[in-house]
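input_10.cif (mmCIF, C-alpha atoms)
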data_entry
#
loop_
_atom_site.label_atom_id
_atom_site.label_comp_id
_atom_site.auth_asym_id
_atom_site.auth_seq_id
_atom_site.Cartn_x
_atom_site.Cartn_y
_atom_site.Cartn_z
CA MET M 1 -74.04 -38.77 22.36
CA SER M 2 -71.00 -41.10 22.22
CA LYS M 3 -67.38 -39.97 22.61
CA ASN M 4 -66.71 -40.34 18.86
CA THR M 5 -69.66 -38.23 17.76
CA ARG M 6 -69.12 -34.51 17.38
CA ALA M 7 -71.89 -32.00 17.28
CA PHE M 8 -71.43 -29.06 14.95
CA SER M 9 -73.23 -25.79 15.23
CA ALA M 10 -74.13 -24.07 11.99
CA SER M 11 -71.10 -21.76 12.34
CA THR M 12 -68.53 -24.55 12.87
CA ARG M 13 -69.84 -27.14 10.42
CA PRO M 14 -67.21 -28.11 7.81
CA LEU M 15 -67.75 -26.66 4.38
CA PRO M 16 -68.72 -29.12 1.70
CA ALA M 17 -65.86 -30.08 -0.62
CA ARG M 18 -65.82 -28.19 -3.92
CA GLU M 19 -64.35 -29.56 -7.12
CA GLN M 20 -61.48 -27.45 -8.47
CA THR M 21 -61.81 -26.13 -12.01
CA ALA M 22 -59.22 -27.14 -14.61
CA GLU M 23 -57.85 -23.58 -14.50
CA GLU M 24 -57.36 -23.83 -10.72
CA GLN M 25 -55.67 -27.21 -11.06
CA TYR M 26 -53.44 -26.57 -14.06
CA GLY M 27 -53.32 -22.79 -14.56
CA GLU M 28 -50.49 -20.47 -13.72
CA PRO M 29 -50.16 -20.08 -9.95
CA GLU M 30 -51.13 -16.68 -8.58
CA SER M 31 -47.71 -16.06 -7.10
CA TYR M 32 -44.50 -17.67 -8.22
CA LEU M 33 -40.80 -17.10 -8.53
CA GLU M 34 -39.06 -19.29 -11.09
CA ILE M 35 -35.26 -19.50 -11.23
CA GLU M 36 -33.22 -21.24 -13.90
CA VAL M 37 -29.41 -21.41 -14.22
CA ARG M 38 -28.32 -22.28 -17.74
CA ASN M 39 -25.97 -21.61 -20.62
CA PRO M 40 -22.53 -21.83 -18.96
CA LEU M 41 -19.82 -19.97 -20.90
CA THR M 42 -16.09 -20.31 -20.33
CA HIS M 43 -13.96 -17.20 -20.90
CA GLY M 44 -10.24 -16.46 -20.92
CA VAL M 45 -7.08 -18.46 -21.46
CA GLY M 46 -4.80 -20.43 -19.13
CA ARG M 47 -4.89 -19.31 -15.50
CA LYS M 48 -7.32 -16.50 -16.38
CA MET M 49 -10.07 -18.93 -17.44
CA HIS M 50 -13.44 -18.86 -15.69
CA THR M 51 -17.00 -19.97 -16.37
CA ASP M 52 -20.08 -17.87 -15.81
CA TYR M 53 -23.72 -18.94 -15.79
CA GLU M 54 -26.90 -17.29 -17.00
CA ILE M 55 -29.59 -16.82 -14.34
CA ILE M 56 -33.11 -16.52 -15.71
CA CYS M 57 -35.75 -15.26 -13.29
CA ARG M 58 -39.49 -15.14 -13.94
CA VAL M 59 -41.87 -13.59 -11.41
CA SER M 60 -45.66 -13.64 -11.67
CA SER M 61 -47.44 -10.32 -12.04
CA ILE M 62 -49.46 -10.95 -8.88
CA THR M 63 -46.54 -11.71 -6.59
CA ASN M 64 -46.24 -10.98 -2.93
CA ILE M 65 -42.44 -10.84 -3.13
CA PRO M 66 -41.71 -7.09 -3.17
CA ASN M 67 -37.91 -7.27 -3.59
CA PHE M 68 -38.19 -8.84 -7.05
CA LYS M 69 -39.12 -5.84 -9.19
CA LEU M 70 -38.70 -7.28 -12.71
CA ARG M 71 -41.16 -9.81 -14.10
CA GLN M 72 -38.41 -11.37 -16.21
CA SER M 73 -34.64 -10.98 -16.06
CA SER M 74 -31.42 -12.52 -17.30
CA VAL M 75 -27.99 -11.97 -15.75
CA ARG M 76 -24.64 -13.77 -15.77
CA ARG M 77 -22.71 -14.72 -12.61
CA ARG M 78 -19.45 -16.49 -11.82
CA TYR M 79 -19.05 -19.21 -9.19
CA SER M 80 -17.02 -16.82 -7.02
CA GLU M 81 -20.02 -14.45 -6.95
CA PHE M 82 -22.25 -17.31 -5.76
CA GLU M 83 -19.71 -17.93 -2.97
CA TRP M 84 -19.83 -14.25 -2.05
CA LEU M 85 -23.65 -14.32 -1.98
CA ARG M 86 -23.75 -17.40 0.23
CA ASP M 87 -21.24 -15.92 2.68
CA LEU M 88 -23.19 -12.65 2.86
CA LEU M 89 -26.54 -14.42 3.38
CA GLN M 90 -25.03 -16.40 6.25
CA LEU M 91 -23.79 -13.16 7.85
CA GLN M 92 -27.04 -11.27 7.34
CA MET M 93 -29.41 -14.10 8.25
CA PRO M 94 -27.63 -16.18 10.93
CA ARG M 95 -30.81 -18.01 11.98
CA VAL M 96 -31.46 -19.32 8.47
CA THR M 97 -29.63 -22.40 7.23
CA VAL M 98 -28.25 -21.37 3.86
CA PRO M 99 -27.76 -24.44 1.64
CA PRO M 100 -24.29 -25.40 0.45
CA LEU M 101 -22.93 -24.63 -2.98
CA PRO M 102 -21.52 -27.36 -5.18
CA GLY M 103 -17.93 -27.97 -4.11
CA LYS M 104 -14.82 -26.37 -5.52
CA VAL M 105 -13.23 -28.31 -8.36
CA PHE M 106 -9.46 -28.25 -8.78
CA THR M 107 -8.89 -30.73 -11.62
CA ASN M 108 -10.70 -30.84 -14.97
CA ARG M 109 -12.84 -27.89 -13.87
CA PHE M 110 -13.56 -26.93 -17.48
CA ASP M 111 -14.69 -30.42 -18.45
CA ASP M 112 -18.28 -30.38 -19.81
CA ARG M 113 -19.53 -32.87 -17.18
CA VAL M 114 -17.96 -30.89 -14.31
CA ILE M 115 -19.48 -27.62 -15.61
CA GLU M 116 -22.92 -29.25 -15.98
CA ASP M 117 -22.79 -30.74 -12.46
CA ARG M 118 -21.87 -27.33 -11.09
CA ARG M 119 -24.65 -25.65 -13.10
CA GLU M 120 -27.21 -28.07 -11.63
CA GLY M 121 -25.89 -27.43 -8.11
CA LEU M 122 -25.98 -23.65 -8.55
CA GLU M 123 -29.55 -23.85 -9.85
CA ARG M 124 -30.60 -25.99 -6.88
CA PHE M 125 -28.90 -23.52 -4.50
CA LEU M 126 -30.65 -20.48 -5.99
CA GLN M 127 -34.04 -22.19 -6.13
CA ILE M 128 -33.83 -23.08 -2.43
CA VAL M 129 -32.50 -19.67 -1.37
CA ALA M 130 -34.95 -17.68 -3.53
CA GLY M 131 -37.82 -19.87 -2.33
CA HIS M 132 -37.10 -19.24 1.37
CA PRO M 133 -39.54 -16.63 2.71
CA LEU M 134 -37.04 -15.00 5.09
CA LEU M 135 -34.30 -14.78 2.46
CA GLN M 136 -36.74 -13.45 -0.18
CA THR M 137 -37.69 -10.48 1.94
CA GLY M 138 -34.93 -10.16 4.56
CA THR M 139 -32.19 -8.96 2.23
CA LYS M 140 -32.09 -6.79 -0.89
CA VAL M 141 -28.89 -8.44 -2.08
CA LEU M 142 -30.62 -11.66 -3.19
CA ALA M 143 -32.97 -9.92 -5.65
CA ALA M 144 -30.12 -7.76 -6.96
CA PHE M 145 -27.91 -10.82 -7.45
CA ILE M 146 -30.67 -12.58 -9.40
CA GLN M 147 -32.04 -9.63 -11.39
CA ASP M 148 -29.62 -6.68 -11.65
CA PRO M 149 -27.33 -6.83 -14.70
CA ALA M 150 -25.16 -4.07 -13.13
CA PHE M 151 -24.74 -6.06 -9.89
CA SER M 152 -21.27 -5.98 -8.38
CA THR M 153 -20.03 -7.50 -5.14
CA ASP M 154 -18.22 -4.21 -4.46
CA THR M 155 -21.52 -2.29 -4.53
CA TYR M 156 -23.23 -4.62 -2.06
CA SER M 157 -20.33 -5.43 0.27
CA ASN M 158 -21.55 -2.97 2.92
CA TYR M 159 -25.10 -4.38 3.10
#

Taking this structure as input, can you express it in the form of structure tokens?
Amino acid sequence: MSKNTRAFSASTRPLPAREQTAEEQYGEPESYLEIEVRNPLTHGVGRKMHTDYEIICRVSSITNIPNFKLRQSSVRRRYSEFEWLRDLLQLQMPRVTVPPLPGKVFTNRFDDRVIEDRREGLERFLQIVAGHPLLQTGTKVLAAFIQDPAFSTDTYSNY
């Protein structure tokens, strides 16, 4: 037998390739967590103005992510709450690199383009954070931030 030839016993022989069905290829995955940040709304007048963003979360019924209890949820959060979440995740999970948030904007922060750029950045941030296996299960704050309409930074500050 040459060097390049491998002998397989019946127990170690590779399985023959099997064609995937259309359902397996294109159907709903068995386990997923889908996050969308949309519908920014600006509130207030003058120096009291702020924008909040709607977070839509969809979780498959056969998920292995126990912290996300609701199959579908919608909450609204301000940029300052995203900052709070990021800071807390960095404290709680020091070995995980938490992605950056879109930067602070000091001029024209209520311009439509600025708000849309920030929305896209916040969505990217949450998708990365919520998709990280250690962050999904290592802290209860993440699921509460994404799904609990009664969420408050005061309630979770001691976590």

Atom CA of M:Trp84 and atom CA of M:Asn108, how far apart in Å?
22.9 Å

Evaluate the PyMOL selection byres ((chain M and resi 140-150) around 9) here and jot the selected residues down as a ChimeraX atom specification.
/M:35,55-57,67-70,72-77,81-82,85,88-89,126,129-130,135-139,151-153,156,159

Apply the PyMOL selection byres ((chain M and resi 97) around 12) to the structure shown and report the selected residues as a list in words.
Arg86, Asp87, Leu89, Gln90, Leu91, Gln92, Met93, Pro94, Arg95, Val96, Val98, Pro99, Pro100, Phe125, Ile128, Val129, His132, Leu134 and Leu135 of chain M

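Separating atom CA of M:Glu116 from atom CA of M:Gly131 is a distance of 22.3 Å.
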
Adding 8 Å on each side of the box along x, y and z that holds all listed atoms of stretch 33-51 of chain M, could you give its centre and edge lengths in Å to one decimal, as JSON?
{"center_x": -22.8, "center_y": -19.4, "center_z": -15.0, "size_x": 52.0, "size_y": 21.8, "size_z": 28.9}

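Nearest to M:Asp52 of all the residues M:Arg119, M:Arg71, M:Lys104, M:Arg109 is M:Arg119, counting only C-alpha atoms.
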
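In this comparison, which uses all atoms listed in the file, the residue of M:Arg47, M:Glu54, M:Leu41, M:Thr21 approaching M:Glu123 most closely is M:Glu54.
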
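Each of M:Pro133, M:Val45, M:Gln127, M:Ser60 was compared to M:Phe110 using all atoms listed in the file, and M:Val45 turns out to be the nearest.
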
Could you jot down the atom CA of M:Gly103 to atom CA of M:Tyr32 separation for me, Å, one decimal place?
28.8 Å

The residue from M:Val59, M:Leu33, M:Pro40, M:Lys48 with the smallest atom-to-atom distance to M:Asp117, counting all atoms listed in the file, is M:Pro40
